[in-house]
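Everything below belongs to coords24.txt, which stores compact mmCIF, C-alpha atoms.
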# COMPACT_ATOMS: atom_id res chain seq x y z
CA MET M 1 29.50 -70.07 72.47
CA HIS M 2 29.56 -67.71 75.42
CA ILE M 3 28.22 -64.36 74.26
CA SER M 4 30.11 -61.46 75.81
CA GLU M 5 28.69 -58.50 77.66
CA GLY M 6 27.68 -55.50 75.65
CA VAL M 7 26.92 -57.37 72.45
CA LEU M 8 23.22 -58.04 72.77
CA SER M 9 20.42 -55.52 73.05
CA GLY M 10 18.33 -55.08 76.19
CA PRO M 11 15.17 -56.89 75.02
CA VAL M 12 17.18 -59.96 74.00
CA LEU M 13 18.95 -60.02 77.37
CA VAL M 14 15.72 -59.62 79.31
CA SER M 15 13.78 -62.26 77.39
CA GLY M 16 16.75 -64.62 77.63
CA ALA M 17 16.87 -64.12 81.38
CA ALA M 18 13.12 -64.66 81.70
CA LEU M 19 13.22 -67.89 79.67
CA ALA M 20 16.23 -69.11 81.62
CA ALA M 21 14.43 -68.40 84.90
CA ALA M 22 11.42 -70.38 83.69
CA GLY M 23 13.63 -73.27 82.58
CA THR M 24 15.51 -73.22 85.87
CA ALA M 25 12.23 -73.33 87.79
CA MET M 26 11.15 -76.33 85.72
CA GLY M 27 14.51 -77.95 86.33
CA LEU M 28 14.50 -77.40 90.07
CA LYS M 29 11.00 -78.84 90.24
CA SER M 30 12.07 -81.95 88.38
CA LEU M 31 15.29 -82.35 90.35
CA ASP M 32 14.54 -84.51 93.37
CA TYR M 33 16.92 -84.76 96.27
CA ASP M 34 18.23 -88.15 95.25
CA HIS M 35 19.65 -86.73 92.05
CA VAL M 36 21.44 -83.75 93.52
CA ALA M 37 24.76 -85.56 93.59
CA ARG M 38 24.46 -86.53 89.94
CA ALA M 39 23.55 -82.96 89.03
CA GLY M 40 26.60 -81.74 90.92
CA ILE M 41 28.95 -84.10 89.12
CA LEU M 42 27.56 -83.08 85.74
CA SER M 43 27.72 -79.42 86.66
CA ALA M 44 31.38 -79.89 87.53
CA ALA M 45 32.00 -81.69 84.25
CA PHE M 46 30.28 -78.94 82.27
CA PHE M 47 32.20 -76.28 84.19
CA VAL M 48 35.56 -77.88 83.43
CA ALA M 49 34.70 -78.89 79.86
CA SER M 50 34.75 -75.28 78.74
CA LEU M 51 38.48 -75.26 79.45
CA ILE M 52 39.15 -78.02 76.97
CA HIS M 53 40.05 -76.09 73.92
CA VAL M 54 39.71 -77.55 70.44
CA PRO M 55 42.57 -76.11 68.43
CA ILE M 56 41.02 -76.85 65.03
CA GLY M 57 39.32 -74.28 62.88
CA PRO M 58 39.51 -70.54 62.44
CA SER M 59 38.26 -69.44 65.82
CA SER M 60 38.67 -70.46 69.41
CA VAL M 61 36.20 -73.11 70.52
CA HIS M 62 35.90 -75.48 73.44
CA LEU M 63 33.91 -78.49 74.53
CA ILE M 64 30.42 -77.86 75.84
CA LEU M 65 29.09 -81.28 76.89
CA ASN M 66 25.50 -80.08 77.00
CA GLY M 67 24.35 -83.24 75.21
CA VAL M 68 25.52 -85.48 78.04
CA VAL M 69 24.19 -83.12 80.68
CA GLY M 70 20.79 -82.99 79.01
CA LEU M 71 20.59 -86.72 78.41
CA LEU M 72 21.34 -87.58 82.02
CA LEU M 73 19.34 -84.81 83.66
CA GLY M 74 16.44 -83.72 81.45
CA TRP M 75 15.02 -80.40 82.65
CA ALA M 76 17.47 -80.33 85.54
CA ALA M 77 20.07 -79.39 82.92
CA PHE M 78 18.85 -75.81 83.30
CA PRO M 79 19.92 -75.16 86.91
CA VAL M 80 23.05 -77.25 86.42
CA ILE M 81 24.18 -75.27 83.38
CA LEU M 82 23.17 -72.00 84.99
CA VAL M 83 25.40 -72.66 88.00
CA ALA M 84 28.34 -73.72 85.83
CA LEU M 85 27.95 -70.71 83.54
CA LEU M 86 27.78 -68.35 86.51
CA LEU M 87 31.04 -69.78 87.83
CA GLN M 88 32.64 -69.59 84.39
CA ALA M 89 31.60 -65.95 84.10
CA VAL M 90 32.90 -65.03 87.54
CA LEU M 91 36.10 -67.08 87.60
CA PHE M 92 37.13 -67.28 83.94
CA GLN M 93 35.41 -64.18 82.52
CA PHE M 94 33.73 -66.32 79.87
CA GLY M 95 30.46 -64.71 78.86
CA GLY M 96 29.20 -62.33 81.48
CA ILE M 97 26.68 -61.72 84.20
CA THR M 98 24.23 -59.79 82.04
CA THR M 99 24.34 -62.43 79.31
CA LEU M 100 23.95 -65.29 81.79
CA GLY M 101 20.29 -65.84 80.93
CA VAL M 102 20.85 -65.86 77.18
CA ASN M 103 23.86 -68.14 77.48
CA THR M 104 21.91 -70.51 79.71
CA ILE M 105 19.14 -70.75 77.11
CA ILE M 106 21.70 -71.25 74.34
CA MET M 107 23.28 -74.24 76.05
CA ALA M 108 20.47 -75.74 78.14
CA LEU M 109 17.54 -75.64 75.74
CA PRO M 110 19.18 -77.96 73.14
CA ALA M 111 20.18 -80.21 76.05
CA VAL M 112 16.56 -80.63 77.09
CA VAL M 113 15.42 -81.12 73.49
CA CYS M 114 18.03 -83.84 73.04
CA TYR M 115 16.84 -85.50 76.24
CA TYR M 116 13.37 -85.93 74.80
CA LEU M 117 14.65 -86.93 71.38
CA PHE M 118 17.13 -89.57 72.45
CA ARG M 119 16.22 -90.87 75.91
CA SER M 120 14.57 -93.99 74.55
CA LEU M 121 16.65 -94.33 71.38
CA ILE M 122 19.90 -94.88 73.26
CA HIS M 123 18.56 -98.17 74.64
CA ARG M 124 18.19 -99.68 71.20
CA ARG M 125 20.50 -102.32 69.82
CA ARG M 126 24.17 -101.57 69.83
CA ALA M 127 24.70 -99.72 66.58
CA VAL M 128 21.45 -97.76 66.74
CA GLY M 129 22.01 -96.89 70.37
CA LEU M 130 25.55 -95.70 69.77
CA THR M 131 24.46 -93.65 66.78
CA ALA M 132 21.70 -92.10 68.85
CA ALA M 133 24.20 -91.19 71.58
CA PHE M 134 26.56 -89.69 69.01
CA ALA M 135 23.71 -87.69 67.49
CA CYS M 136 22.66 -86.53 70.94
CA GLY M 137 26.09 -85.09 71.64
CA SER M 138 26.57 -83.39 68.31
CA LEU M 139 23.00 -82.16 67.80
CA ALA M 140 23.06 -80.47 71.19
CA VAL M 141 26.06 -78.45 70.02
CA LEU M 142 24.37 -77.74 66.70
CA GLY M 143 21.28 -76.51 68.52
CA SER M 144 23.43 -74.26 70.68
CA ALA M 145 25.13 -72.83 67.61
CA LEU M 146 21.76 -72.08 66.00
CA LEU M 147 20.44 -70.46 69.16
CA ALA M 148 23.57 -68.35 69.53
CA ALA M 149 23.16 -67.21 65.93
CA ALA M 150 19.51 -66.42 66.61
CA ALA M 151 20.47 -64.30 69.62
CA LEU M 152 23.04 -62.44 67.53
CA VAL M 153 20.64 -61.75 64.68
CA PHE M 154 19.33 -58.68 66.45
CA THR M 155 22.76 -57.10 66.44
CA GLU M 156 24.33 -58.45 63.27
CA GLN M 157 21.32 -58.75 60.98
CA ASN M 158 22.38 -61.68 58.88
CA PHE M 159 21.24 -64.99 60.34
CA LEU M 160 22.56 -67.33 57.65
CA GLN M 161 26.01 -65.79 57.72
CA ILE M 162 26.40 -65.90 61.50
CA ALA M 163 24.88 -69.34 61.78
CA GLY M 164 27.23 -70.62 59.09
CA LEU M 165 30.20 -69.09 60.85
CA ILE M 166 29.33 -70.51 64.25
CA ILE M 167 28.46 -73.95 62.93
CA ALA M 168 31.66 -74.10 60.88
CA ALA M 169 33.69 -73.18 63.94
CA HIS M 170 31.95 -75.82 66.02
CA LEU M 171 32.09 -78.72 63.55
CA PRO M 172 35.12 -80.28 65.27
CA VAL M 173 33.42 -79.81 68.63
CA MET M 174 30.30 -81.52 67.33
CA ILE M 175 32.27 -84.55 66.24
CA ILE M 176 34.26 -84.75 69.46
CA GLU M 177 31.17 -84.33 71.62
CA GLY M 178 29.37 -87.00 69.64
CA ILE M 179 32.20 -89.41 70.38
CA VAL M 180 32.40 -88.38 74.02
CA THR M 181 28.66 -88.81 74.43
CA ALA M 182 28.68 -92.22 72.76
CA PHE M 183 31.54 -93.27 75.01
CA CYS M 184 29.76 -91.99 78.12
CA VAL M 185 26.49 -93.74 77.29
CA ARG M 186 28.26 -97.03 76.55
CA PHE M 187 30.26 -96.72 79.74
CA LEU M 188 27.18 -95.99 81.83
CA GLN M 189 25.22 -98.82 80.25
CA LYS M 190 27.87 -101.21 81.52
CA VAL M 191 28.69 -99.62 84.84
CA GLN M 192 25.71 -97.67 86.08
CA PRO M 193 22.73 -98.22 83.78
CA ASP M 194 20.28 -96.61 86.16
CA MET M 195 21.91 -93.23 85.56
CA LEU M 196 20.58 -93.26 82.02
CA PRO M 197 17.05 -92.02 81.41
CA GLY M 198 14.27 -94.45 80.54
CA THR M 199 15.63 -97.39 82.53
CA PRO M 200 13.20 -99.03 84.96
CA ALA M 201 12.73 -96.94 88.04
CA VAL M 202 13.24 -99.97 90.28
CA ALA M 203 16.94 -99.92 89.62
CA ASP M 204 17.11 -96.35 90.84
CA THR M 205 16.07 -97.15 94.37
CA THR M 206 18.03 -100.35 94.77
CA THR M 207 21.45 -99.18 93.73
CA TYR M 208 21.48 -95.80 95.43
CA MET D 1 37.58 -101.01 70.36
CA PHE D 2 38.79 -98.78 73.13
CA PRO D 3 35.49 -97.82 74.80
CA SER D 4 34.16 -101.35 74.83
CA LEU D 5 37.45 -102.61 76.23
CA ILE D 6 37.26 -100.19 79.13
CA SER D 7 33.61 -100.84 79.73
CA SER D 8 34.05 -104.60 79.71
CA TYR D 9 36.78 -104.16 82.27
CA ALA D 10 34.47 -101.95 84.23
CA SER D 11 31.67 -104.47 84.19
CA ARG D 12 33.99 -107.17 85.46
CA CYS D 13 34.88 -105.23 88.57
CA ARG D 14 31.51 -103.62 88.78
CA TRP D 15 30.94 -103.54 92.51
CA THR D 16 34.43 -103.06 93.75
CA CYS D 17 35.88 -100.21 91.79
CA LYS D 18 32.95 -98.19 90.55
CA PRO D 19 33.71 -95.08 92.63
CA VAL D 20 37.34 -95.40 91.69
CA LEU D 21 36.44 -95.39 88.01
CA VAL D 22 34.21 -92.36 88.34
CA LEU D 23 36.91 -90.55 90.27
CA ALA D 24 39.51 -91.52 87.70
CA PHE D 25 37.30 -90.20 84.92
CA LEU D 26 36.77 -86.89 86.68
CA SER D 27 40.41 -86.41 87.52
CA LEU D 28 41.34 -87.28 83.96
CA LEU D 29 39.00 -84.53 82.82
CA LEU D 30 40.62 -82.14 85.26
CA LEU D 31 44.18 -83.02 84.29
CA TRP D 32 43.35 -82.80 80.64
CA SER D 33 42.12 -79.30 81.14
CA VAL D 34 45.12 -77.90 82.96
CA PRO D 35 47.01 -76.61 79.91
CA ALA D 36 43.77 -74.85 79.38
CA GLN D 37 42.83 -72.54 76.61
CA ALA D 38 39.45 -71.12 76.11
CA HIS D 39 36.95 -68.70 75.05
CA LYS D 40 37.39 -65.10 75.88
CA VAL D 41 38.77 -62.21 73.89
CA THR D 42 40.82 -59.32 75.11
CA ILE D 43 42.31 -56.23 73.56
CA PHE D 44 45.22 -54.29 75.00
CA ALA D 45 46.47 -50.92 73.77
CA TRP D 46 49.60 -48.93 74.48
CA VAL D 47 51.18 -45.73 73.20
CA GLU D 48 54.50 -45.69 71.44
CA GLY D 49 55.68 -42.35 70.11
CA ASP D 50 52.69 -40.84 68.39
CA MET D 51 51.24 -44.20 67.44
CA VAL D 52 48.78 -46.31 69.39
CA HIS D 53 49.29 -50.05 69.17
CA THR D 54 46.65 -52.60 69.99
CA GLN D 55 46.90 -56.33 70.35
CA SER D 56 43.92 -58.67 70.45
CA LYS D 57 43.77 -62.30 71.38
CA PHE D 58 41.63 -65.11 72.61
CA SER D 59 42.52 -66.41 76.00
CA GLY D 60 45.07 -69.11 75.40
CA GLY D 61 47.05 -66.79 73.20
CA LYS D 62 45.47 -67.35 69.82
CA ARG D 63 45.44 -64.05 67.97
CA VAL D 64 42.22 -62.52 66.74
CA LYS D 65 42.75 -62.11 63.02
CA ASN D 66 40.95 -59.73 60.72
CA ALA D 67 38.49 -58.49 63.31
CA PRO D 68 37.11 -54.94 63.34
CA VAL D 69 38.53 -52.52 65.90
CA GLN D 70 36.72 -49.27 66.61
CA VAL D 71 38.06 -46.26 68.46
CA TYR D 72 35.73 -43.90 70.32
CA ASP D 73 36.44 -40.68 72.20
CA ALA D 74 35.13 -39.77 75.64
CA GLN D 75 31.85 -38.52 74.18
CA GLY D 76 31.24 -41.79 72.39
CA ARG D 77 31.97 -40.45 68.92
CA LYS D 78 33.63 -42.91 66.61
CA LEU D 79 37.03 -41.55 65.65
CA LEU D 80 38.37 -44.28 63.43
CA GLU D 81 38.03 -47.91 62.57
CA GLY D 82 40.31 -50.66 61.33
CA ARG D 83 40.97 -54.36 61.28
CA THR D 84 43.47 -56.51 63.08
CA ASP D 85 46.21 -58.09 61.01
CA ASP D 86 47.42 -61.68 61.07
CA ARG D 87 49.18 -61.13 64.38
CA GLY D 88 46.06 -59.68 65.96
CA GLU D 89 47.56 -56.21 65.95
CA PHE D 90 46.17 -52.91 64.79
CA THR D 91 48.09 -49.65 64.90
CA PHE D 92 46.78 -46.17 64.36
CA LYS D 93 48.07 -42.62 64.71
CA SER D 94 47.19 -41.15 68.05
CA PRO D 95 44.43 -38.53 67.80
CA GLY D 96 46.32 -36.66 70.55
CA LYS D 97 43.66 -36.35 73.18
CA GLY D 98 42.24 -38.96 75.47
CA PRO D 99 40.61 -40.84 76.89
CA LEU D 100 40.07 -43.29 74.08
CA ARG D 101 37.78 -46.28 74.22
CA ILE D 102 39.00 -49.05 71.96
CA VAL D 103 36.50 -51.76 71.10
CA LEU D 104 37.32 -55.09 69.53
CA ILE D 105 34.49 -56.92 67.82
CA ALA D 106 35.46 -60.55 67.39
CA ALA D 107 33.12 -62.94 65.66
CA MET D 108 30.34 -64.93 67.28
CA GLY D 109 29.26 -62.48 69.92
CA HIS D 110 32.64 -61.70 71.39
CA LYS D 111 33.56 -58.18 72.27
CA ALA D 112 36.31 -56.62 74.32
CA TYR D 113 37.20 -53.11 75.46
CA TRP D 114 40.29 -51.22 76.45
CA THR D 115 40.45 -47.65 77.67
CA LEU D 116 43.50 -45.48 77.12
CA SER D 117 43.52 -42.67 79.67
CA ALA D 118 44.27 -39.05 78.83
CA LYS D 119 47.49 -39.38 80.83
CA GLU D 120 48.82 -42.20 78.68
CA LEU D 121 47.99 -40.31 75.52
CA ALA D 122 49.52 -37.01 76.72
CA GLY D 123 52.98 -38.19 75.76
CA SER D 124 51.96 -38.71 72.17
CA ALA D 125 50.70 -35.17 71.69
CA GLN D 126 54.19 -33.58 71.54
CA PRO D 127 56.19 -31.77 70.46
CA SER D 128 54.11 -28.59 70.15
CA ALA D 129 52.18 -29.09 73.38
CA THR D 130 54.96 -30.01 75.77
CA ALA D 131 58.03 -28.24 74.44
CA SER D 132 57.27 -24.72 75.57
CA PRO D 133 60.43 -22.62 76.03
CA PRO D 134 61.54 -23.05 79.61
CA GLN D 135 62.75 -20.08 81.62
CA THR D 136 65.51 -21.83 83.50
CA ALA D 137 67.24 -23.04 80.38
CA PRO D 138 70.04 -20.45 80.19
CA VAL D 139 71.16 -21.26 83.75
CA VAL D 140 71.39 -24.98 83.06
CA GLU D 141 73.09 -24.62 79.72
CA LYS D 142 76.42 -23.14 80.77
CA PRO D 143 78.74 -24.16 77.94
CA SER D 144 76.80 -22.33 75.20
CA THR D 145 79.37 -19.55 74.95
CA ALA D 146 79.87 -19.66 71.22
CA ASP D 147 76.61 -17.94 70.39
CA SER D 148 76.62 -14.19 70.72
CA THR D 149 73.15 -12.93 71.76
CA PRO D 150 71.23 -14.29 74.76
CA ALA D 151 68.02 -14.52 72.67
CA ALA D 152 69.58 -16.83 70.13
CA SER D 153 71.01 -18.97 72.90
CA ALA D 154 67.61 -19.29 74.57
CA LEU D 155 66.03 -20.34 71.30
CA SER D 156 68.62 -22.95 70.63
CA ASN D 157 68.26 -24.17 74.17
CA ALA D 158 64.55 -24.64 73.67
CA GLU D 159 65.24 -26.48 70.47
CA LEU D 160 67.86 -28.56 72.20
CA GLN D 161 65.47 -29.42 74.97
CA ALA D 162 62.84 -30.50 72.49
CA THR D 163 65.37 -32.65 70.67
CA VAL D 164 66.62 -34.21 73.88
CA GLN D 165 63.11 -34.89 75.02
CA LYS D 166 62.27 -36.53 71.75
CA ALA D 167 65.40 -38.64 71.85
CA VAL D 168 64.76 -39.70 75.43
CA GLU D 169 61.22 -40.64 74.62
CA LYS D 170 62.36 -42.65 71.66
CA ALA D 171 64.99 -44.42 73.72
CA LEU D 172 62.48 -45.07 76.48
CA ASP D 173 59.99 -46.53 74.03
CA LYS D 174 62.70 -48.83 72.79
CA LYS D 175 63.82 -49.84 76.27
CA LEU D 176 60.29 -50.27 77.54
CA LYS D 177 59.17 -52.39 74.65
CA PRO D 178 59.97 -55.73 76.31
CA VAL D 179 58.27 -54.55 79.48
CA ILE D 180 55.19 -53.54 77.54
CA GLU D 181 55.18 -56.88 75.81
CA LEU D 182 55.31 -58.57 79.19
CA LEU D 183 52.39 -56.43 80.28
CA VAL D 184 50.45 -57.37 77.16
CA ASP D 185 50.94 -61.01 77.96
CA ALA D 186 50.01 -60.50 81.60
CA GLN D 187 46.77 -58.80 80.60
CA ASN D 188 45.23 -62.03 79.62
CA PRO D 189 45.73 -64.68 82.26
CA ASP D 190 44.31 -68.09 81.56
CA PRO D 191 42.07 -69.58 84.19
CA SER D 192 44.38 -70.71 86.92
CA PHE D 193 44.31 -73.99 88.75
CA LYS D 194 42.94 -72.02 91.68
CA ASP D 195 39.99 -70.82 89.62
CA ILE D 196 39.19 -74.33 88.45
CA VAL D 197 39.42 -75.93 91.86
CA GLY D 198 37.51 -73.03 93.37
CA GLY D 199 34.66 -73.52 90.93
CA LEU D 200 34.55 -77.26 91.55
CA GLY D 201 34.55 -76.61 95.27
CA TYR D 202 31.64 -74.25 94.89
CA ILE D 203 29.64 -76.89 93.03
CA LEU D 204 30.55 -79.43 95.71
CA GLY D 205 29.23 -76.99 98.28
CA LEU D 206 25.91 -76.71 96.45
CA VAL D 207 25.66 -80.49 96.37
CA GLY D 208 26.36 -80.44 100.10
CA VAL D 209 23.48 -78.03 100.63
CA GLY D 210 21.23 -80.35 98.63
CA ALA D 211 22.38 -83.35 100.65
CA TYR D 212 21.81 -81.46 103.89
CA PHE D 213 18.20 -80.73 103.02
CA ASN D 214 17.75 -84.27 101.82
CA TYR D 215 18.85 -85.71 105.13
CA ARG D 216 16.86 -83.16 107.09
CA ARG D 217 13.79 -84.04 105.09
CA ARG D 218 14.29 -87.71 105.83
CA GLY D 219 15.06 -87.01 109.46
CA MET D 220 18.51 -88.56 109.18
CA GLY D 221 20.56 -85.46 109.89
CA PRO D 222 22.93 -85.09 112.84
CA ASP D 223 20.24 -83.12 114.71
CA ALA D 224 17.65 -85.82 114.25
CA LYS D 225 16.51 -87.69 117.31
Could the structure of this file be written out as structure tokens, please?
Amino acid sequence: MHISEGVLSGPVLVSGAALAAAGTAMGLKSLDYDHVARAGILSAAFFVASLIHVPIGPSSVHLILNGVVGLLLGWAAFPVILVALLLQAVLFQFGGITTLGVNTIIMALPAVVCYYLFRSLIHRRRAVGLTAAFACGSLAVLGSALLAAAALVFTEQNFLQIAGLIIAAHLPVMIIEGIVTAFCVRFLQKVQPDMLPGTPAVADTTTY
Amino acid sequence: MFPSLISSYASRCRWTCKPVLVLAFLSLLLLWSVPAQAHKVTIFAWVEGDMVHTQSKFSGGKRVKNAPVQVYDAQGRKLLEGRTDDRGEFTFKSPGKGPLRIVLIAAMGHKAYWTLSAKELAGSAQPSATASPPQTAPVVEKPSTADSTPAASALSNAELQATVQKAVEKALDKKLKPVIELLVDAQNPDPSFKDIVGGLGYILGLVGVGAYFNYRRRGMGPDAK
């Protein structure tokens, strides 16, 4: 999902960077000091998740975890993913510095969308809630795949073909991330329910 | 069910071992990732005789199959194009002059470059370019007494030299092959443990900065009266 340097055209890179900057500004505004530690933990998880390689399918794909990050952070997913992507680019040579903005949009925008879609649904009864969490994890990856295909359209011309290719490669990742997200949500509901969005704000101040 | 089992255990010891559980989860994630493979493509090219070999792979060692490879000269003109085979390799006849810019276009927005310098390619442009008749040849080649005229002897010496050079180069290519293969493998290091821990440390530092401002804002920092 990390787009390399030298693939995209200038306008795509610039508009990606501009959108990512706007999203990051939104995220930093929404991130209050009390949630910095949580953002850090999730940034670390996102950073490391890209090393977990899924050896199924024709290409080389890895976990993304943007569904969990988005669900737990909302708009703050933008700065968190930006930091992790910057470190991945510098330390692992995944993606690149020039494509940082585009890659941030690709992974953070679906995260934020999933936050709004699923933040209340995950508190439903057991089966519905678990399904919502699963959908959150896998739809975030699907959204990223579609956005990556959209970014590549300007160089490769054929949206359906690229989108099909990327989605096919990420199907195993979507399933795994759905399971991981469902597991995380269930775990947090038992252990630390105030970390999940949409829980009463009172819990937030008492347990921290 | 596995998740519910763990979470019921977690809820039982909710207040005592919560940090331990979070830590365990994080370290599990870290350990899991150590035999890491991931998402980057590289291409590496080397010269062997008058052929140029390229090898392409994703980091983690998976070969890039059936991906287009393009070769450009120094002026950016496309010289030739091909596709990698099942082992991620693509071989083409050296165009003789360098530098060459070899571009691998893997799917899904991945691209990698390798540049072969003019120096590396110089060896492949023989024999006509390098095997000019040397002047010192007759002195070195003492035992050529059978031939009658000095001119014939010089010619055969030049030929001999060219043959020897070719043979040496061939032998060297053969001997160096394992070394080159080692180099190919070394071109593409996976993220090391150092990289991973370094990145995590960086994030921890950012959290520290956030915490610092938080405490300053609340007037709870070490400098607060």
Query raised in the report: So which one's closest to chain M, D:Gln161, D:Tyr113, D:Lys97, D:Arg77? Using only C-alpha atoms, please.
Result: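 Smallest distance to chain M is found for D:Tyr113.
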**Report entry** Non-local contacts of M:Val153 (12 Å; all atoms listed in the file; under 4 positions in same chain excluded) as a count of residues only
**Finding:** 17
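Between chain M and the residues D:Met51, D:Ile105, D:Ile180, D:Ala74, the shortest atom-to-atom distance, using only C-alpha atoms, involves D:Ile105.
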Requested in this report: Up to 6 Å from chain D, what residues of chain M turn up? Count only C-alpha atoms and give them as an MDAnalysis selection string.
Outcome: chainID M and resid 3:4 33 37 40 44 51:53 91:92 94 187 190:191
Query raised in the report: For D:Ala118, which of D:Val47, D:Ser56, D:Lys78, D:Asp185 is the closest residue, counting all atoms listed in the file?
Result: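 Result for the nearest residue to D:Ala118: D:Val47.
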Report task. Please indicate the distance in Å from atom CA of M:Ile105 to atom CA of M:Gly70, rounded to one decimal place. Result ->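 Computing it gives 12.5 Å between the two atoms.
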**Report entry** Distance query stretch 14-30 of chain M at most 9 Å, only C-alpha atoms, self and fewer than 4 positions along chain excluded, as a PyMOL selection string
**Finding:** chain M and resi 9-10+73-80+82+98-106+108-109+151
Requested in this report: Excluding D:Glu81 and any residue of its chain fewer than 5 positions from it, enumerate the residues within 8 Å of it, using only C-alpha atoms, and give them as a list in words.
Outcome: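 The residues satisfying every condition are Pro68, Val69, Gln70 and Val71 of chain D.
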Can you patch up stretch 81-87 of chain M, filling it in to all heavy atoms, and show the result as a PDB file, in the frame of the given file?
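rebuild-v8.pdb was written with the following content:
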ATOM      1  N   ILE M  81      23.403 -76.077  84.321  1.00  0.00           N
ATOM      2  CA  ILE M  81      24.180 -75.270  83.380  1.00  0.00           C
ATOM      3  C   ILE M  81      24.246 -73.824  83.850  1.00  0.00           C
ATOM      4  O   ILE M  81      25.271 -73.153  83.703  1.00  0.00           O
ATOM      5  CB  ILE M  81      23.572 -75.413  81.962  1.00  0.00           C
ATOM      6  CG1 ILE M  81      23.898 -76.808  81.431  1.00  0.00           C
ATOM      7  CG2 ILE M  81      24.082 -74.349  81.025  1.00  0.00           C
ATOM      8  CD1 ILE M  81      23.337 -77.123  80.074  1.00  0.00           C
ATOM      9  N   LEU M  82      23.166 -73.371  84.465  1.00  0.00           N
ATOM     10  CA  LEU M  82      23.170 -72.000  84.990  1.00  0.00           C
ATOM     11  C   LEU M  82      24.274 -71.805  86.030  1.00  0.00           C
ATOM     12  O   LEU M  82      25.040 -70.833  85.983  1.00  0.00           O
ATOM     13  CB  LEU M  82      21.799 -71.674  85.601  1.00  0.00           C
ATOM     14  CG  LEU M  82      21.668 -70.285  86.227  1.00  0.00           C
ATOM     15  CD1 LEU M  82      21.611 -69.236  85.141  1.00  0.00           C
ATOM     16  CD2 LEU M  82      20.434 -70.193  87.098  1.00  0.00           C
ATOM     17  N   VAL M  83      24.380 -72.762  86.953  1.00  0.00           N
ATOM     18  CA  VAL M  83      25.400 -72.660  88.000  1.00  0.00           C
ATOM     19  C   VAL M  83      26.801 -72.680  87.374  1.00  0.00           C
ATOM     20  O   VAL M  83      27.659 -71.845  87.692  1.00  0.00           O
ATOM     21  CB  VAL M  83      25.243 -73.814  89.012  1.00  0.00           C
ATOM     22  CG1 VAL M  83      26.477 -73.933  89.886  1.00  0.00           C
ATOM     23  CG2 VAL M  83      24.018 -73.601  89.861  1.00  0.00           C
ATOM     24  N   ALA M  84      27.009 -73.609  86.442  1.00  0.00           N
ATOM     25  CA  ALA M  84      28.340 -73.720  85.830  1.00  0.00           C
ATOM     26  C   ALA M  84      28.674 -72.472  85.032  1.00  0.00           C
ATOM     27  O   ALA M  84      29.806 -71.976  85.075  1.00  0.00           O
ATOM     28  CB  ALA M  84      28.392 -74.964  84.943  1.00  0.00           C
ATOM     29  N   LEU M  85      27.693 -71.913  84.336  1.00  0.00           N
ATOM     30  CA  LEU M  85      27.950 -70.710  83.540  1.00  0.00           C
ATOM     31  C   LEU M  85      28.236 -69.511  84.439  1.00  0.00           C
ATOM     32  O   LEU M  85      29.088 -68.671  84.120  1.00  0.00           O
ATOM     33  CB  LEU M  85      26.744 -70.391  82.650  1.00  0.00           C
ATOM     34  CG  LEU M  85      26.593 -71.220  81.389  1.00  0.00           C
ATOM     35  CD1 LEU M  85      25.315 -70.829  80.671  1.00  0.00           C
ATOM     36  CD2 LEU M  85      27.777 -70.989  80.471  1.00  0.00           C
ATOM     37  N   LEU M  86      27.532 -69.446  85.565  1.00  0.00           N
ATOM     38  CA  LEU M  86      27.780 -68.350  86.510  1.00  0.00           C
ATOM     39  C   LEU M  86      29.226 -68.417  86.996  1.00  0.00           C
ATOM     40  O   LEU M  86      29.943 -67.407  87.028  1.00  0.00           O
ATOM     41  CB  LEU M  86      26.806 -68.447  87.683  1.00  0.00           C
ATOM     42  CG  LEU M  86      27.030 -67.435  88.803  1.00  0.00           C
ATOM     43  CD1 LEU M  86      26.721 -66.037  88.298  1.00  0.00           C
ATOM     44  CD2 LEU M  86      26.176 -67.744  90.008  1.00  0.00           C
ATOM     45  N   LEU M  87      29.670 -69.632  87.345  1.00  0.00           N
ATOM     46  CA  LEU M  87      31.040 -69.780  87.830  1.00  0.00           C
ATOM     47  C   LEU M  87      32.044 -69.478  86.728  1.00  0.00           C
ATOM     48  O   LEU M  87      33.091 -68.877  86.965  1.00  0.00           O
ATOM     49  CB  LEU M  87      31.251 -71.197  88.371  1.00  0.00           C
ATOM     50  CG  LEU M  87      30.508 -71.470  89.671  1.00  0.00           C
ATOM     51  CD1 LEU M  87      30.573 -72.931  90.028  1.00  0.00           C
ATOM     52  CD2 LEU M  87      31.094 -70.632  90.787  1.00  0.00           C
TER      53      LEU M  87
END
